[in-house]
$ cat data_1.cif   # mmCIF, C-alpha atoms
data_data
loop_
_atom_site.label_atom_id
_atom_site.label_comp_id
_atom_site.auth_asym_id
_atom_site.auth_seq_id
_atom_site.Cartn_x
_atom_site.Cartn_y
_atom_site.Cartn_z
CA MET N 21 7.28 -39.93 -26.44
CA SER N 22 4.15 -38.11 -27.46
CA VAL N 23 2.57 -34.67 -27.28
CA ARG N 24 1.03 -33.96 -23.88
CA ILE N 25 -2.03 -31.71 -23.87
CA LEU N 26 -2.76 -30.01 -20.54
CA PHE N 27 -6.17 -28.65 -19.58
CA LEU N 28 -5.81 -25.72 -17.18
CA GLY N 29 -8.39 -24.14 -14.87
CA PRO N 30 -12.02 -24.52 -15.99
CA LEU N 31 -10.94 -26.37 -19.15
CA ARG N 32 -9.94 -29.27 -16.91
CA ASP N 33 -13.55 -29.56 -15.73
CA LEU N 34 -14.83 -29.24 -19.28
CA ALA N 35 -12.41 -31.91 -20.55
CA GLY N 36 -13.04 -34.17 -17.58
CA GLN N 37 -9.31 -34.83 -17.32
CA ASP N 38 -6.04 -33.11 -16.38
CA ASP N 39 -4.20 -34.03 -19.56
CA MET N 40 -4.09 -36.34 -22.57
CA GLN N 41 -1.34 -37.72 -24.80
CA VAL N 42 -1.34 -37.83 -28.59
CA GLU N 43 1.27 -39.30 -30.92
CA GLY N 44 3.06 -37.30 -33.61
CA THR N 45 2.69 -33.80 -34.88
CA LEU N 46 -0.15 -31.76 -33.39
CA ASP N 47 -1.34 -28.70 -35.27
CA TRP N 48 -4.36 -26.43 -34.70
CA ASP N 49 -6.79 -28.47 -36.82
CA ARG N 50 -5.78 -31.78 -35.28
CA LEU N 51 -6.02 -30.24 -31.79
CA LEU N 52 -9.61 -29.15 -32.43
CA GLN N 53 -10.46 -32.68 -33.60
CA THR N 54 -8.63 -34.33 -30.69
CA VAL N 55 -10.33 -32.51 -27.81
CA SER N 56 -14.05 -32.69 -27.06
CA PRO N 57 -16.38 -30.37 -29.00
CA LEU N 58 -17.00 -28.33 -25.84
CA VAL N 59 -13.28 -27.75 -25.34
CA ALA N 60 -12.82 -27.07 -29.08
CA ALA N 61 -15.49 -24.36 -28.90
CA GLN N 62 -13.60 -22.73 -26.02
CA LEU N 63 -10.30 -22.90 -27.91
CA ARG N 64 -11.85 -20.96 -30.79
CA GLU N 65 -12.62 -18.07 -28.43
CA GLU N 66 -10.12 -15.24 -28.51
CA ARG N 67 -9.75 -15.13 -24.73
CA VAL N 68 -8.40 -18.70 -24.60
CA ASN N 69 -4.66 -19.02 -25.20
CA ILE N 70 -2.36 -21.90 -26.05
CA ALA N 71 1.22 -22.41 -24.90
CA CYS N 72 3.66 -24.80 -26.51
CA LYS N 73 6.96 -25.73 -24.83
CA GLY N 74 6.38 -23.11 -22.13
CA ARG N 75 5.69 -20.22 -24.51
CA VAL N 76 2.32 -18.61 -25.18
CA LEU N 77 1.60 -18.58 -28.93
CA ALA N 78 0.94 -15.15 -30.43
CA ASP N 79 -1.13 -16.97 -33.09
CA LYS N 80 -2.58 -20.16 -31.64
CA THR N 81 -3.66 -21.43 -35.06
CA ALA N 82 0.08 -21.66 -35.88
CA LEU N 83 0.47 -24.43 -33.27
CA LEU N 84 2.93 -27.12 -34.32
CA ALA N 85 3.86 -29.52 -31.54
CA GLU N 86 6.14 -32.53 -31.95
CA ASP N 87 6.54 -35.68 -29.85
CA GLY N 88 7.91 -34.68 -26.44
CA ASP N 89 6.33 -31.23 -26.48
CA GLU N 90 3.83 -30.01 -23.88
CA VAL N 91 0.80 -28.05 -25.10
CA ALA N 92 -1.12 -26.11 -22.43
CA LEU N 93 -4.67 -24.87 -23.03
CA LEU N 94 -5.10 -21.63 -21.09
CA PRO N 95 -8.54 -20.21 -20.28
CA PRO N 96 -8.97 -16.67 -18.86
CA VAL N 97 -6.96 -16.20 -15.69
CA SER N 98 -7.94 -15.04 -12.20
CA GLY N 99 -5.49 -14.71 -9.35
CA GLY N 100 -4.92 -12.81 -6.11
CA MET G 14 0.16 29.16 38.66
CA SER G 15 0.77 31.06 35.46
CA VAL G 16 0.20 30.76 31.74
CA ARG G 17 2.76 28.50 30.07
CA ILE G 18 3.69 29.37 26.49
CA LEU G 19 5.20 26.50 24.49
CA PHE G 20 7.32 27.02 21.40
CA LEU G 21 6.96 24.05 19.04
CA GLY G 22 9.18 22.96 16.15
CA PRO G 23 11.16 25.77 14.48
CA LEU G 24 9.61 28.38 16.82
CA ARG G 25 11.62 26.81 19.62
CA ASP G 26 14.84 27.69 17.76
CA LEU G 27 13.55 31.17 16.99
CA ALA G 28 12.57 31.75 20.63
CA GLY G 29 15.76 30.22 21.96
CA GLN G 30 13.74 28.36 24.60
CA ASP G 31 11.22 25.51 24.94
CA ASP G 32 8.69 27.51 26.94
CA MET G 33 8.09 30.57 29.08
CA GLN G 34 5.70 31.45 31.90
CA VAL G 35 3.64 34.62 32.23
CA GLU G 36 1.36 35.68 35.06
CA GLY G 37 -2.31 36.49 34.58
CA THR G 38 -4.53 36.78 31.56
CA LEU G 39 -2.84 36.36 28.18
CA ASP G 40 -4.62 37.66 25.11
CA TRP G 41 -3.41 38.05 21.52
CA ASP G 42 -1.96 41.56 21.97
CA ARG G 43 -0.14 40.67 25.16
CA LEU G 44 1.21 37.48 23.54
CA LEU G 45 2.70 39.50 20.66
CA GLN G 46 4.37 41.85 23.17
CA THR G 47 5.59 38.97 25.36
CA VAL G 48 7.43 36.94 22.75
CA SER G 49 10.42 38.19 20.76
CA PRO G 50 9.73 40.30 17.64
CA LEU G 51 10.91 37.42 15.42
CA VAL G 52 8.40 35.02 17.00
CA ALA G 53 5.68 37.69 16.94
CA ALA G 54 6.23 38.13 13.18
CA GLN G 55 5.76 34.38 12.73
CA LEU G 56 2.59 34.38 14.84
CA ARG G 57 1.05 36.98 12.54
CA GLU G 58 1.45 34.61 9.59
CA GLU G 59 -1.66 32.69 8.66
CA ARG G 60 0.14 29.34 8.55
CA VAL G 61 1.08 29.54 12.24
CA ASN G 62 -1.59 28.31 14.65
CA ILE G 63 -2.16 28.67 18.37
CA ALA G 64 -3.66 26.12 20.72
CA CYS G 65 -5.01 26.89 24.16
CA LYS G 66 -5.81 24.15 26.68
CA GLY G 67 -5.22 21.46 24.04
CA ARG G 68 -7.52 23.00 21.40
CA VAL G 69 -6.45 24.77 18.23
CA LEU G 70 -8.05 28.20 18.02
CA ALA G 71 -10.15 28.84 14.92
CA ASP G 72 -9.36 32.55 15.41
CA LYS G 73 -6.01 32.94 17.14
CA THR G 74 -6.56 36.63 17.78
CA ALA G 75 -9.37 35.54 20.14
CA LEU G 76 -6.80 33.95 22.48
CA LEU G 77 -7.70 34.35 26.14
CA ALA G 78 -5.58 32.25 28.49
CA GLU G 79 -5.83 32.31 32.27
CA ASP G 80 -3.37 31.22 34.95
CA GLY G 81 -2.88 27.43 34.68
CA ASP G 82 -3.56 27.30 30.95
CA GLU G 83 -1.08 26.04 28.40
CA VAL G 84 -0.69 28.01 25.15
CA ALA G 85 1.10 26.21 22.31
CA LEU G 86 2.53 28.11 19.35
CA LEU G 87 2.28 25.83 16.31
CA PRO G 88 4.32 26.46 13.15
CA PRO G 89 3.64 24.52 9.92
CA VAL G 90 3.84 20.77 10.46
CA SER G 91 5.85 18.07 8.75
CA GLY G 92 5.66 14.42 9.68
CA GLY G 93 6.16 10.96 8.23
CA MET L 8 6.97 -4.73 19.16
CA SER L 9 8.73 -4.69 15.77
CA ILE L 10 7.10 -3.59 12.53
CA GLY L 11 6.95 -7.19 11.30
CA GLU L 12 5.27 -8.29 14.54
CA ALA L 13 2.85 -5.37 14.42
CA LEU L 14 1.82 -6.15 10.85
CA ALA L 15 1.48 -9.86 11.60
CA ALA L 16 -0.70 -9.08 14.64
CA PHE L 17 -2.75 -6.57 12.66
CA ASN L 18 -3.34 -9.08 9.87
CA ALA L 19 -4.34 -11.76 12.35
CA SER L 20 -6.82 -9.35 13.97
CA TYR L 21 -8.90 -9.02 10.79
CA PRO L 22 -9.09 -12.51 9.26
CA ASP L 23 -12.37 -11.68 7.50
CA ALA L 24 -11.05 -8.62 5.67
CA GLY L 25 -10.08 -9.38 2.07
CA GLY L 26 -6.82 -7.54 2.28
CA THR L 27 -4.41 -5.42 4.26
CA ALA L 28 -2.36 -2.63 2.73
CA SER L 29 0.48 -1.06 4.67
CA PHE L 30 3.28 1.44 4.45
CA VAL L 31 6.49 1.83 6.43
CA GLY L 32 8.35 5.13 6.09
CA LYS L 33 12.03 5.25 6.99
CA VAL L 34 14.77 7.83 7.39
CA ARG L 35 16.54 8.19 4.06
CA SER L 36 20.25 8.86 3.85
CA ASP L 37 20.23 11.11 0.78
CA ASN L 38 21.14 14.81 1.03
CA ASP L 39 23.87 13.79 3.46
CA VAL L 40 21.30 13.22 6.23
CA LYS L 41 22.93 11.99 9.45
CA ALA L 42 19.84 12.01 11.66
CA LEU L 43 16.20 13.02 11.75
CA GLU L 44 14.34 14.42 14.74
CA LEU L 45 10.57 14.33 15.03
CA THR L 46 8.83 16.31 17.76
CA HIS L 47 5.15 16.48 18.64
CA TYR L 48 2.72 18.19 20.99
CA GLU L 49 0.98 15.33 22.69
CA PRO L 50 -2.26 17.13 23.70
CA LEU L 51 -2.92 17.68 19.98
CA THR L 52 -0.89 14.97 18.25
CA LEU L 53 -2.43 11.86 19.76
CA PRO L 54 -6.10 12.98 19.56
CA GLY L 55 -5.36 14.18 16.02
CA MET L 56 -4.07 10.75 15.01
CA GLU L 57 -7.07 9.07 16.61
CA GLU L 58 -9.41 11.36 14.65
CA LEU L 59 -7.46 10.69 11.47
CA ALA L 60 -7.71 6.91 11.93
CA GLN L 61 -11.43 7.24 12.63
CA ALA L 62 -11.91 9.42 9.53
CA ALA L 63 -10.06 6.88 7.35
CA SER L 64 -12.09 4.04 8.81
CA GLU L 65 -15.39 5.75 7.97
CA LYS L 66 -14.34 7.15 4.59
CA PHE L 67 -13.10 3.80 3.27
CA GLY L 68 -15.28 1.38 5.24
CA LEU L 69 -12.31 -0.29 6.90
CA ALA L 70 -12.39 -3.42 9.02
CA GLY L 71 -9.36 -2.10 10.91
CA VAL L 72 -6.75 0.63 10.85
CA LEU L 73 -3.29 1.05 12.38
CA ALA L 74 -1.30 4.29 12.59
CA TRP L 75 2.06 4.48 14.38
CA HIS L 76 4.39 7.47 14.35
CA ARG L 77 7.65 7.73 16.24
CA VAL L 78 9.08 10.83 17.86
CA GLY L 79 12.67 11.51 18.89
CA VAL L 80 15.96 11.23 17.03
CA MET L 81 16.30 8.53 14.38
CA THR L 82 19.15 7.59 12.04
CA PRO L 83 19.02 6.56 8.35
CA GLY L 84 17.31 3.22 7.79
CA GLN L 85 15.23 3.44 10.96
CA PRO L 86 11.43 3.45 10.68
CA ILE L 87 9.48 6.65 11.35
CA VAL L 88 5.93 5.71 10.54
CA LEU L 89 3.79 2.59 10.02
CA VAL L 90 0.22 2.62 8.75
CA ALA L 91 -2.00 -0.30 7.80
CA ALA L 92 -5.61 -0.66 6.66
CA ALA L 93 -7.74 -3.80 6.42
CA ALA L 94 -10.71 -3.76 4.04
CA ALA L 95 -12.93 -6.05 2.00
CA HIS L 96 -11.25 -5.09 -1.29
CA ARG L 97 -7.76 -3.88 -2.10
CA ARG L 98 -8.81 -0.48 -3.53
CA GLU L 99 -10.23 0.73 -0.21
CA ALA L 100 -7.18 -0.57 1.67
CA PHE L 101 -4.76 1.16 -0.73
CA ASP L 102 -6.66 4.43 -0.68
CA ALA L 103 -6.87 4.42 3.11
CA VAL L 104 -3.10 3.98 3.48
CA ASP L 105 -2.55 6.73 0.91
CA PHE L 106 -4.97 9.03 2.78
CA LEU L 107 -3.37 8.30 6.15
CA MET L 108 0.16 8.94 4.89
CA ASP L 109 -0.79 12.18 3.14
CA HIS L 110 -2.31 13.47 6.36
CA LEU L 111 0.54 12.29 8.60
CA LYS L 112 3.05 13.94 6.24
CA SER L 113 1.52 17.38 6.09
CA ALA L 114 -1.56 17.68 8.29
CA SER L 115 -0.66 16.11 11.64
CA TRP L 116 1.03 17.72 14.62
CA PHE L 117 4.64 16.74 13.99
CA TRP L 118 7.71 18.83 13.31
CA LYS L 119 10.68 17.36 11.54
CA ARG L 120 14.27 18.48 11.22
CA GLU L 121 17.28 16.73 9.81
CA ARG L 122 20.92 16.93 10.69
CA ARG L 123 23.28 17.19 7.73
CA GLY L 124 27.01 17.82 7.68
CA ASP L 125 26.35 21.52 8.32
CA GLY L 126 23.89 21.14 11.19
CA TRP L 127 20.14 20.90 11.74
CA HIS L 128 17.56 21.97 9.12
CA TRP L 129 13.81 22.16 9.63
CA ILE L 130 11.80 20.32 6.96
CA GLU L 131 8.51 21.54 5.57
CA PRO L 132 6.19 19.45 3.37
CA ARG L 133 7.21 19.41 -0.30
CA ASP L 134 4.84 20.90 -2.90
CA GLN L 135 4.12 17.31 -3.90
CA ASP L 136 3.03 16.52 -0.33
CA ARG L 137 0.64 19.50 -0.40
CA ARG L 138 -0.81 18.44 -3.74
CA ASP L 139 -1.23 14.88 -2.43
CA LEU L 140 -3.11 16.18 0.60
CA ALA L 141 -5.33 18.44 -1.54
CA ARG L 142 -6.66 15.38 -3.41
CA TRP L 143 -8.80 14.42 -0.41
CA LYS L 144 -10.56 17.77 -0.03
CA MET M 19 8.34 -17.97 6.69
CA SER M 20 5.26 -16.04 7.83
CA ILE M 21 4.00 -12.87 6.20
CA GLY M 22 5.18 -10.79 9.15
CA GLU M 23 8.64 -12.34 8.95
CA ALA M 24 8.76 -11.85 5.18
CA LEU M 25 7.83 -8.17 5.47
CA ALA M 26 10.32 -7.63 8.29
CA ALA M 27 13.08 -9.28 6.24
CA PHE M 28 12.10 -7.31 3.15
CA ASN M 29 12.17 -4.03 5.06
CA ALA M 30 15.54 -4.86 6.56
CA SER M 31 16.91 -5.63 3.08
CA TYR M 32 16.36 -2.07 1.83
CA PRO M 33 17.37 0.22 4.71
CA ASP M 34 18.14 3.07 2.30
CA ALA M 35 14.73 3.11 0.63
CA GLY M 36 12.46 5.81 2.02
CA GLY M 37 9.48 3.53 2.30
CA THR M 38 7.94 0.12 1.79
CA ALA M 39 4.35 -0.38 0.71
CA SER M 40 2.77 -3.81 0.90
CA PHE M 41 -0.47 -5.67 0.39
CA VAL M 42 -1.69 -9.00 1.76
CA GLY M 43 -4.74 -10.55 0.08
CA LYS M 44 -6.75 -13.13 1.99
CA VAL M 45 -9.62 -15.52 1.33
CA ARG M 46 -12.84 -13.75 2.23
CA SER M 47 -15.76 -15.59 3.74
CA ASP M 48 -18.57 -13.65 2.08
CA ASN M 49 -20.85 -15.30 -0.51
CA ASP M 50 -20.83 -18.40 1.68
CA VAL M 51 -17.28 -19.26 0.56
CA LYS M 52 -15.95 -22.40 2.28
CA ALA M 53 -12.65 -22.69 0.42
CA LEU M 54 -10.67 -21.24 -2.46
CA GLU M 55 -8.43 -23.19 -4.83
CA LEU M 56 -5.73 -21.53 -6.88
CA THR M 57 -3.99 -23.47 -9.64
CA HIS M 58 -1.14 -22.41 -11.89
CA TYR M 59 0.97 -23.63 -14.80
CA GLU M 60 4.48 -23.38 -13.50
CA PRO M 61 6.32 -23.11 -16.87
CA LEU M 62 4.41 -19.86 -17.46
CA THR M 63 3.42 -18.71 -13.99
CA LEU M 64 6.81 -18.35 -12.36
CA PRO M 65 8.59 -16.66 -15.32
CA GLY M 66 5.52 -14.43 -15.69
CA MET M 67 5.78 -13.31 -12.07
CA GLU M 68 9.50 -12.67 -12.46
CA GLU M 69 8.84 -10.53 -15.54
CA LEU M 70 6.07 -8.69 -13.69
CA ALA M 71 8.37 -7.93 -10.74
CA GLN M 72 11.08 -6.74 -13.13
CA ALA M 73 8.58 -4.54 -15.01
CA ALA M 74 7.39 -2.97 -11.75
CA SER M 75 10.95 -2.41 -10.61
CA GLU M 76 11.82 -0.54 -13.82
CA LYS M 77 8.55 1.35 -14.17
CA PHE M 78 8.63 2.75 -10.64
CA GLY M 79 12.38 2.86 -9.99
CA LEU M 80 12.14 0.47 -7.04
CA ALA M 81 14.93 -0.41 -4.63
CA GLY M 82 13.33 -3.82 -4.14
CA VAL M 83 10.20 -5.79 -4.93
CA LEU M 84 8.55 -8.88 -3.44
CA ALA M 85 5.74 -10.92 -5.03
CA TRP M 86 4.42 -14.11 -3.41
CA HIS M 87 1.39 -16.04 -4.59
CA ARG M 88 0.15 -19.30 -3.10
CA VAL M 89 -1.41 -22.19 -4.98
CA GLY M 90 -3.56 -25.00 -3.60
CA VAL M 91 -6.66 -25.02 -1.42
CA MET M 92 -7.06 -22.23 1.17
CA THR M 93 -9.79 -21.45 3.68
CA PRO M 94 -11.29 -18.08 4.70
CA GLY M 95 -8.83 -15.87 6.54
CA GLN M 96 -5.77 -17.51 5.00
CA PRO M 97 -3.40 -15.41 2.89
CA ILE M 98 -3.29 -15.86 -0.89
CA VAL M 99 -0.92 -13.17 -2.03
CA LEU M 100 1.74 -10.83 -0.62
CA VAL M 101 3.41 -8.04 -2.55
CA ALA M 102 5.80 -5.37 -1.32
CA ALA M 103 7.73 -2.56 -2.97
CA ALA M 104 10.57 -0.45 -1.55
CA ALA M 105 11.20 2.96 -3.10
CA ALA M 106 12.67 6.37 -2.32
CA HIS M 107 9.23 7.99 -1.95
CA ARG M 108 5.86 6.63 -0.95
CA ARG M 109 4.08 7.41 -4.25
CA GLU M 110 6.28 5.03 -6.26
CA ALA M 111 5.95 2.32 -3.61
CA PHE M 112 2.14 2.63 -3.53
CA ASP M 113 1.82 2.65 -7.30
CA ALA M 114 4.09 -0.38 -7.66
CA VAL M 115 2.00 -2.43 -5.21
CA ASP M 116 -1.15 -1.32 -7.02
CA PHE M 117 0.37 -2.30 -10.40
CA LEU M 118 1.55 -5.67 -9.10
CA MET M 119 -1.84 -6.54 -7.58
CA ASP M 120 -3.78 -5.52 -10.68
CA HIS M 121 -1.59 -7.79 -12.80
CA LEU M 122 -1.66 -10.70 -10.37
CA LYS M 123 -5.46 -10.44 -10.20
CA SER M 124 -6.21 -10.52 -13.90
CA ALA M 125 -3.06 -10.88 -15.99
CA SER M 126 -1.00 -13.67 -14.39
CA TRP M 127 -1.24 -17.41 -14.96
CA PHE M 128 -3.52 -18.39 -12.11
CA TRP M 129 -6.97 -19.93 -12.08
CA LYS M 130 -9.23 -19.53 -9.10
CA ARG M 131 -12.35 -21.36 -8.01
CA GLU M 132 -14.30 -21.18 -4.79
CA ARG M 133 -16.34 -23.78 -2.98
CA ARG M 134 -19.70 -22.57 -1.70
CA GLY M 135 -22.54 -24.55 -0.16
CA ASP M 136 -23.54 -25.77 -3.63
CA GLY M 137 -20.09 -26.81 -4.87
CA TRP M 138 -17.16 -25.33 -6.78
CA HIS M 139 -17.44 -22.19 -8.94
CA TRP M 140 -14.73 -20.81 -11.23
CA ILE M 141 -14.02 -17.12 -10.67
CA GLU M 142 -13.18 -14.68 -13.42
CA PRO M 143 -11.86 -11.15 -12.84
CA ARG M 144 -14.56 -8.59 -12.02
CA ASP M 145 -15.15 -5.69 -14.41
CA GLN M 146 -13.50 -3.52 -11.78
CA ASP M 147 -10.38 -5.71 -11.95
CA ARG M 148 -10.26 -5.30 -15.75
CA ARG M 149 -10.67 -1.53 -15.46
CA ASP M 150 -7.92 -1.43 -12.84
CA LEU M 151 -5.59 -3.35 -15.14
CA ALA M 152 -6.42 -1.11 -18.13
CA ARG M 153 -5.09 1.93 -16.22
CA TRP M 154 -1.51 0.77 -16.80
CA LYS M 155 -1.77 0.42 -20.59
#

$ encode --input "data_1.cif" --output "structure tokens"
Amino acid sequence: MSVRILFLGPLRDLAGQDDMQVEGTLDWDRLLQTVSPLVAAQLREERVNIACKGRVLADKTALLAEDGDEVALLPPVSGG
Amino acid sequence: MSVRILFLGPLRDLAGQDDMQVEGTLDWDRLLQTVSPLVAAQLREERVNIACKGRVLADKTALLAEDGDEVALLPPVSGG
Amino acid sequence: MSIGEALAAFNASYPDAGGTASFVGKVRSDNDVKALELTHYEPLTLPGMEELAQAASEKFGLAGVLAWHRVGVMTPGQPIVLVAAAAAHRREAFDAVDFLMDHLKSASWFWKRERRGDGWHWIEPRDQDRRDLARWK
Amino acid sequence: MSIGEALAAFNASYPDAGGTASFVGKVRSDNDVKALELTHYEPLTLPGMEELAQAASEKFGLAGVLAWHRVGVMTPGQPIVLVAAAAAHRREAFDAVDFLMDHLKSASWFWKRERRGDGWHWIEPRDQDRRDLARWK
């Protein structure tokens, strides 16, 4: 069991992968160090959201994911 | 051949008939004398239109129908 | 042809349009309505609808437009009117359907009456219908 | 189930509603677009659409609401999205479809990219889409 980080939409291209796994507790600072600098720069932008366990975080810097949790990195959306 | 006067929508109820035929030239004054007083009162209202030969008259008092023409009396519409 | 078939065929006719908006109006059963009768005057009604469709097409730059209106006696739940507009973007398609319906409701050659428990009653456009129509002038 | 069948079934489900408005959005072929890919994140996307449909239903007093959105790769002319709203009067049905589309376009969990002659390009909402969305706030 580990934390699964998912790269959605354009962040997938930027990360060069669909997802990655990290062991143990994942907080905001560790997330920024775990992903590539390009992705980290995107995460710092207000328009990029983070979901943990299927819920969008009101304050993404309060991220606290444990083993078994899924963390989704959500760039600006576009549908229809 | 005669002029056919058609009563549309609620004017049909007011006239008590779908249509009537009159011989010879039909102008505005003769129309008002030909139909019942109740229908004539409606015709004088601005919101009631008259069509002759499939065209709505811009000035209904300029009506001039000849034998063979169809005159339609058009109360306010409601569709959809 | 059913409404579903008509809309499917309409959609298929304009594959390059970005979107199709549509509206189906039906007889409602409120106010104890048992039946609705729509009458028309064909020499004016059909050319009027053709002009209306043409006006909508030009005003909103449509790829295609559909306007159907039934006449005769209909019962609650049955369709009365179907309009559809295909355009590059949704705004034009929405506005065209809105425009078409406003004009069919209160500026096309139809007369409507409904049968309630106490007999037939002629229906005139509501004030809201008149205000809706006035938006386009 | 095709779009025509879905709309026919939807209409039949709400016989007492006065009208049904709908919108079908399709892949356009302008800007040399060869294909469109829509991706989603199901744990958010599906609940988000359900909340959106519920919000529309309450806001506009709908009898029924339908919101479909495809994911995957689509080619020009193919449908992407279908929304429909059944209401007592046409205004509420129109506004609900408008509301649903504005939110699906720029406030739902979808990501869109298009393939042109020179490869894939991610698409963000247009300024017009953002202004449309802001109308509801």

$ residues_around --input "data_1.cif" --residues "Leu70 of chain M" --least-positions-apart "6" --cutoff "9 Å" --atoms "only C-alpha atoms" --output "list in words"
Ala85, Leu118, His121, Leu122 and Ser126 of chain M

$ atom_distance --input "data_1.cif" --atom1 "atom CA of Leu94 of chain N" --atom2 "atom CA of Thr45 of chain N"
20.0 Å

$ resolve_selection --input "data_1.cif" --expression "the PyMOL selection byres ((chain G and resi 18) around 9)" --output "list in words"
Val16, Arg17, Leu19, Phe20, Asp31, Asp32, Met33, Gln34, Val35, Leu44, Asp82, Glu83, Val84, Ala85 and Leu86 of chain G

$ resolve_selection --input "data_1.cif" --expression "the PyMOL selection byres ((chain L) within 7 of (chain M))" --output "MDAnalysis selection string"
chainID L and resid 10:12 14:15 22:36 84

$ residues_near_point --input "data_1.cif" --point "(-9.6, 36.1, 21.2)" --cutoff "12 Å" --atoms "all atoms listed in the file" --output "CSV table (one decimal) with C-alpha atoms, in the frame of the given file"
chain,number,residue,atom,x,y,z
G,38,THR,CA,-4.5,36.8,31.6
G,39,LEU,CA,-2.8,36.4,28.2
G,40,ASP,CA,-4.6,37.7,25.1
G,41,TRP,CA,-3.4,38.0,21.5
G,42,ASP,CA,-2.0,41.6,22.0
G,43,ARG,CA,-0.1,40.7,25.2
G,44,LEU,CA,1.2,37.5,23.5
G,63,ILE,CA,-2.2,28.7,18.4
G,64,ALA,CA,-3.7,26.1,20.7
G,65,CYS,CA,-5.0,26.9,24.2
G,70,LEU,CA,-8.0,28.2,18.0
G,71,ALA,CA,-10.2,28.8,14.9
G,72,ASP,CA,-9.4,32.6,15.4
G,73,LYS,CA,-6.0,32.9,17.1
G,74,THR,CA,-6.6,36.6,17.8
G,75,ALA,CA,-9.4,35.5,20.1
G,76,LEU,CA,-6.8,34.0,22.5
G,77,LEU,CA,-7.7,34.4,26.1
G,78,ALA,CA,-5.6,32.2,28.5

$ interface_residues --input "data_1.cif" --of "chain M" --to "chain N" --cutoff "7 Å" --atoms "only C-alpha atoms" --output "number ranges by chain"
M: 43, 57, 61-62, 98-99, 122-130, 140-143

$ resolve_selection --input "data_1.cif" --expression "the PyMOL selection byres ((chain N and resi 60-62) around 10)" --output "mmCIF file with C-alpha atoms, keeping the file's coordinate frame"
data_model
loop_
_atom_site.group_PDB
_atom_site.id
_atom_site.type_symbol
_atom_site.label_atom_id
_atom_site.label_comp_id
_atom_site.auth_asym_id
_atom_site.auth_seq_id
_atom_site.Cartn_x
_atom_site.Cartn_y
_atom_site.Cartn_z
ATOM 1 C CA LEU N 31 -10.940 -26.370 -19.150
ATOM 2 C CA LEU N 34 -14.830 -29.240 -19.280
ATOM 3 C CA ALA N 35 -12.410 -31.910 -20.550
ATOM 4 C CA ASP N 49 -6.790 -28.470 -36.820
ATOM 5 C CA LEU N 51 -6.020 -30.240 -31.790
ATOM 6 C CA LEU N 52 -9.610 -29.150 -32.430
ATOM 7 C CA GLN N 53 -10.460 -32.680 -33.600
ATOM 8 C CA THR N 54 -8.630 -34.330 -30.690
ATOM 9 C CA VAL N 55 -10.330 -32.510 -27.810
ATOM 10 C CA SER N 56 -14.050 -32.690 -27.060
ATOM 11 C CA PRO N 57 -16.380 -30.370 -29.000
ATOM 12 C CA LEU N 58 -17.000 -28.330 -25.840
ATOM 13 C CA VAL N 59 -13.280 -27.750 -25.340
ATOM 14 C CA LEU N 63 -10.300 -22.900 -27.910
ATOM 15 C CA ARG N 64 -11.850 -20.960 -30.790
ATOM 16 C CA GLU N 65 -12.620 -18.070 -28.430
ATOM 17 C CA GLU N 66 -10.120 -15.240 -28.510
ATOM 18 C CA ARG N 67 -9.750 -15.130 -24.730
ATOM 19 C CA VAL N 68 -8.400 -18.700 -24.600
ATOM 20 C CA ASN N 69 -4.660 -19.020 -25.200
ATOM 21 C CA LEU N 93 -4.670 -24.870 -23.030
ATOM 22 C CA LEU N 94 -5.100 -21.630 -21.090
ATOM 23 C CA PRO N 95 -8.540 -20.210 -20.280
#

$ closest_residue --input "data_1.cif" --among "L:Met56, L:Glu121, L:Arg133, L:Gly126" --to "Val40 of chain L" --atoms "all atoms listed in the file"
L:Glu121

$ atom_distance --input "data_1.cif" --atom1 "atom CA of His47 of chain L" --atom2 "atom CA of Val80 of chain L"
12.1 Å

$ atom_distance --input "data_1.cif" --atom1 "atom CA of Gly68 of chain L" --atom2 "atom CA of Ala103 of chain L"
9.2 Å

$ axis_aligned_box --input "data_1.cif" --around "segment 47-50 of chain G" --padding-each-side "8 Å" --output "JSON"
{"center_x": 8.0, "center_y": 38.6, "center_z": 21.5, "size_x": 20.8, "size_y": 19.4, "size_z": 23.7}
